[in-house]
Amino acid sequence: MDLIKRYLQLNESYHRKLIHHFGTGNGFYSELNSLLFSTLFCLQNKLRLELYSKDATFTFGNGWTEYFEPFCPEFKNDYIGKRISRDYINNHRDKHICYLYKIFTKNDILNDIYWYCRSGWFEHSHFCIPELGIDGDIRQAMKVIIPIVYRFNKKYTNIINNFNNKLELPNRYISLHVRAGDKITERDLITPQAYMEKARSLSNCRNIFVATDDYRIFEQLRDDNPDYVFYTSTSPEEKGNDTEKLFASSQEVIRKNLIEMFASVELFLQSELFIGTYSSNPGLFVGMQIDDRMVGMDYNRWLIL
């Protein structure tokens with residue numbers, strides 16, 4: 001029996017449920033990392049995971065299957081599903097409705113576990129799910145969980161492959177994820193050239209893929225490092241991303257931005273060396289899958305923040 005079937009069978013065997021609301025208005029990889037942690041938490045605690053994603057901000061009414069293959073049952077109760085969030089900062093009415101739902105069904109919701117799954121206790125736990133071959137720390141567990149959850153459907157697999165093929169990257173390349181845009185509101189940004197200094201110190205490879213939401217960063221790196229060949233999927237009109245403005249944009253703009261991001265993450269995973277930040281959600285996600293091929297510009301190890 002393959003991994004997906006074993007997971008489906010295991011998830012279906014549990015009676016008490018946890019309802020996870022996916023796509024509540026945060027960035028995609030922030031939402032994804034939360035879902036991955038919920039999946040692992042449910043397996044460790046023998047809870048049946050059900051996903052509510054119908055109203056996800058970036059799926060246009062199609063939910064999880066807009067981009068991905070299904071991996072767990074979809075929660076059908078719109079009235080409850082829309083009221084589930086990451087915590088209990090909802091209005092009082094929603095909060096009381098969720099409490100009543102839990103009392104009468106004995107089920108759990110995302111609000112109950114979100115902060116635990118972002119804690120040091122969770123990060124340093126030992127996970128043992130023998131049915132899936134999991135017996136180790138969180139990163140070892142995620143190497144099993146991610147292939148179950150993060151599976152693009154056929155349509156988007158083809159779109160992403162075609163998108164990346166157009167870049168004509170060589171077999172050997174280093175990838176950089178240089179944060180810009182609204183990320184300056186979260187923490188001080190690291191200068192783009194610092195990424196290149198790190199690349200120079202660690203590898204003799206001269207091919208660099210730059211993922212950024214500001215094309216000016218790509219231009220700066222290219223102009224300041226003429227001995228390297230640079231590639232990017234960022235278009236010249238991109239001058240820094242703002243998540244709130246993005247989600248207020250047209251479906252076409254949102255979809256284009258997501259495809260570029262999905263495609264960049266695939267290139268991170270395939271690169272000889274990935275230099276990014278563990279404090280970014282794409283960095284957190286990539287860092288769960290590759291070990292000695294990722295270098296953080298903010299921390300010297302993978303961690304949950």
# chains A, B, ... in the order shown; residues from 1 in each chain; ligands from 1
call {"tool": "select_by_dssp", "arguments": {"residues": "stretch 174-279 of chain A", "states": "alpha helix (DSSP H)", "output": "JSON, numbers by chain"}}
result
{"A": [192, 193, 194, 195, 196, 197, 198, 199, 200, 201, 202, 215, 216, 217, 218, 219, 220, 221, 222, 223, 224, 243, 244, 245, 246, 247, 251, 252, 253, 254, 255, 256, 257, 258, 259, 260, 261, 262, 263, 264, 265, 266, 267, 268, 269, 270]}
call {"tool": "residues_around", "arguments": {"residues": "stretch 44-61 of chain A", "least_positions_apart": "5", "cutoff": "9 Å", "atoms": "only C-alpha atoms", "output": "ChimeraX atom specification"}}
result
/A:10-26,28,35,38-39,66-67,72-78,81-82,84,107-108,127-129,247,251,254-255,258
call {"tool": "residues_around", "arguments": {"residues": "stretch 113-126 of chain A", "least_positions_apart": "2", "cutoff": "10 Å", "atoms": "only C-alpha atoms", "output": "MDAnalysis selection string"}}
result
chainID A and resid 18 20 33:38 40:42 44 85:87 108:111 128 134:141 302:305
call {"tool": "closest_residue", "arguments": {"among": "A:Asp292, A:Glu272, A:Glu69, A:Glu219", "to": "A:Ser203", "atoms": "only C-alpha atoms"}}
result
A:Glu272
call {"tool": "residues_around", "arguments": {"residues": "A:Tyr278", "least_positions_apart": "3", "cutoff": "8 Å", "atoms": "only C-alpha atoms", "output": "PyMOL selection string"}}
result
chain A and resi 281+283-284+287+296-299+301-303
call {"tool": "decode", "arguments": {"residues": "stretch 268-281 of chain A", "atoms": "N, CA and C atoms", "output": "PDB file, in the first residue's frame"}}
result
ATOM      1  N   PHE A 268      13.928  26.226  -5.526  1.00  0.00           N
ATOM      2  CA  PHE A 268      14.705  26.186  -4.276  1.00  0.00           C
ATOM      3  C   PHE A 268      15.058  24.744  -3.917  1.00  0.00           C
ATOM      4  N   LEU A 269      14.062  23.887  -4.006  1.00  0.00           N
ATOM      5  CA  LEU A 269      14.239  22.495  -3.585  1.00  0.00           C
ATOM      6  C   LEU A 269      15.209  21.741  -4.490  1.00  0.00           C
ATOM      7  N   GLN A 270      15.306  22.157  -5.745  1.00  0.00           N
ATOM      8  CA  GLN A 270      16.165  21.472  -6.707  1.00  0.00           C
ATOM      9  C   GLN A 270      17.565  22.066  -6.792  1.00  0.00           C
ATOM     10  N   SER A 271      17.800  23.199  -6.139  1.00  0.00           N
ATOM     11  CA  SER A 271      19.066  23.905  -6.308  1.00  0.00           C
ATOM     12  C   SER A 271      20.200  23.238  -5.535  1.00  0.00           C
ATOM     13  N   GLU A 272      21.403  23.512  -5.982  1.00  0.00           N
ATOM     14  CA  GLU A 272      22.602  22.994  -5.324  1.00  0.00           C
ATOM     15  C   GLU A 272      22.736  23.568  -3.916  1.00  0.00           C
ATOM     16  N   LEU A 273      22.332  24.821  -3.757  1.00  0.00           N
ATOM     17  CA  LEU A 273      22.392  25.502  -2.474  1.00  0.00           C
ATOM     18  C   LEU A 273      21.268  26.522  -2.443  1.00  0.00           C
ATOM     19  N   PHE A 274      20.519  26.556  -1.339  1.00  0.00           N
ATOM     20  CA  PHE A 274      19.459  27.546  -1.170  1.00  0.00           C
ATOM     21  C   PHE A 274      19.825  28.462  -0.014  1.00  0.00           C
ATOM     22  N   ILE A 275      19.855  29.765  -0.296  1.00  0.00           N
ATOM     23  CA  ILE A 275      20.159  30.757   0.728  1.00  0.00           C
ATOM     24  C   ILE A 275      18.908  31.606   0.926  1.00  0.00           C
ATOM     25  N   GLY A 276      18.361  31.537   2.122  1.00  0.00           N
ATOM     26  CA  GLY A 276      17.130  32.265   2.419  1.00  0.00           C
ATOM     27  C   GLY A 276      17.069  32.626   3.884  1.00  0.00           C
ATOM     28  N   THR A 277      15.863  32.689   4.416  1.00  0.00           N
ATOM     29  CA  THR A 277      15.672  32.998   5.837  1.00  0.00           C
ATOM     30  C   THR A 277      14.724  31.975   6.441  1.00  0.00           C
ATOM     31  N   TYR A 278      15.115  31.434   7.579  1.00  0.00           N
ATOM     32  CA  TYR A 278      14.260  30.480   8.273  1.00  0.00           C
ATOM     33  C   TYR A 278      13.019  31.159   8.845  1.00  0.00           C
ATOM     34  N   SER A 279      13.092  32.469   9.052  1.00  0.00           N
ATOM     35  CA  SER A 279      11.965  33.196   9.619  1.00  0.00           C
ATOM     36  C   SER A 279      10.884  33.499   8.594  1.00  0.00           C
ATOM     37  N   SER A 280      11.153  33.283   7.315  1.00  0.00           N
ATOM     38  CA  SER A 280      10.106  33.433   6.302  1.00  0.00           C
ATOM     39  C   SER A 280       9.377  32.104   6.163  1.00  0.00           C
ATOM     40  N   ASN A 281       8.109  32.145   5.826  1.00  0.00           N
ATOM     41  CA  ASN A 281       7.361  30.891   5.713  1.00  0.00           C
ATOM     42  C   ASN A 281       7.814  30.020   4.545  1.00  0.00           C
TER      43      ASN A 281
END
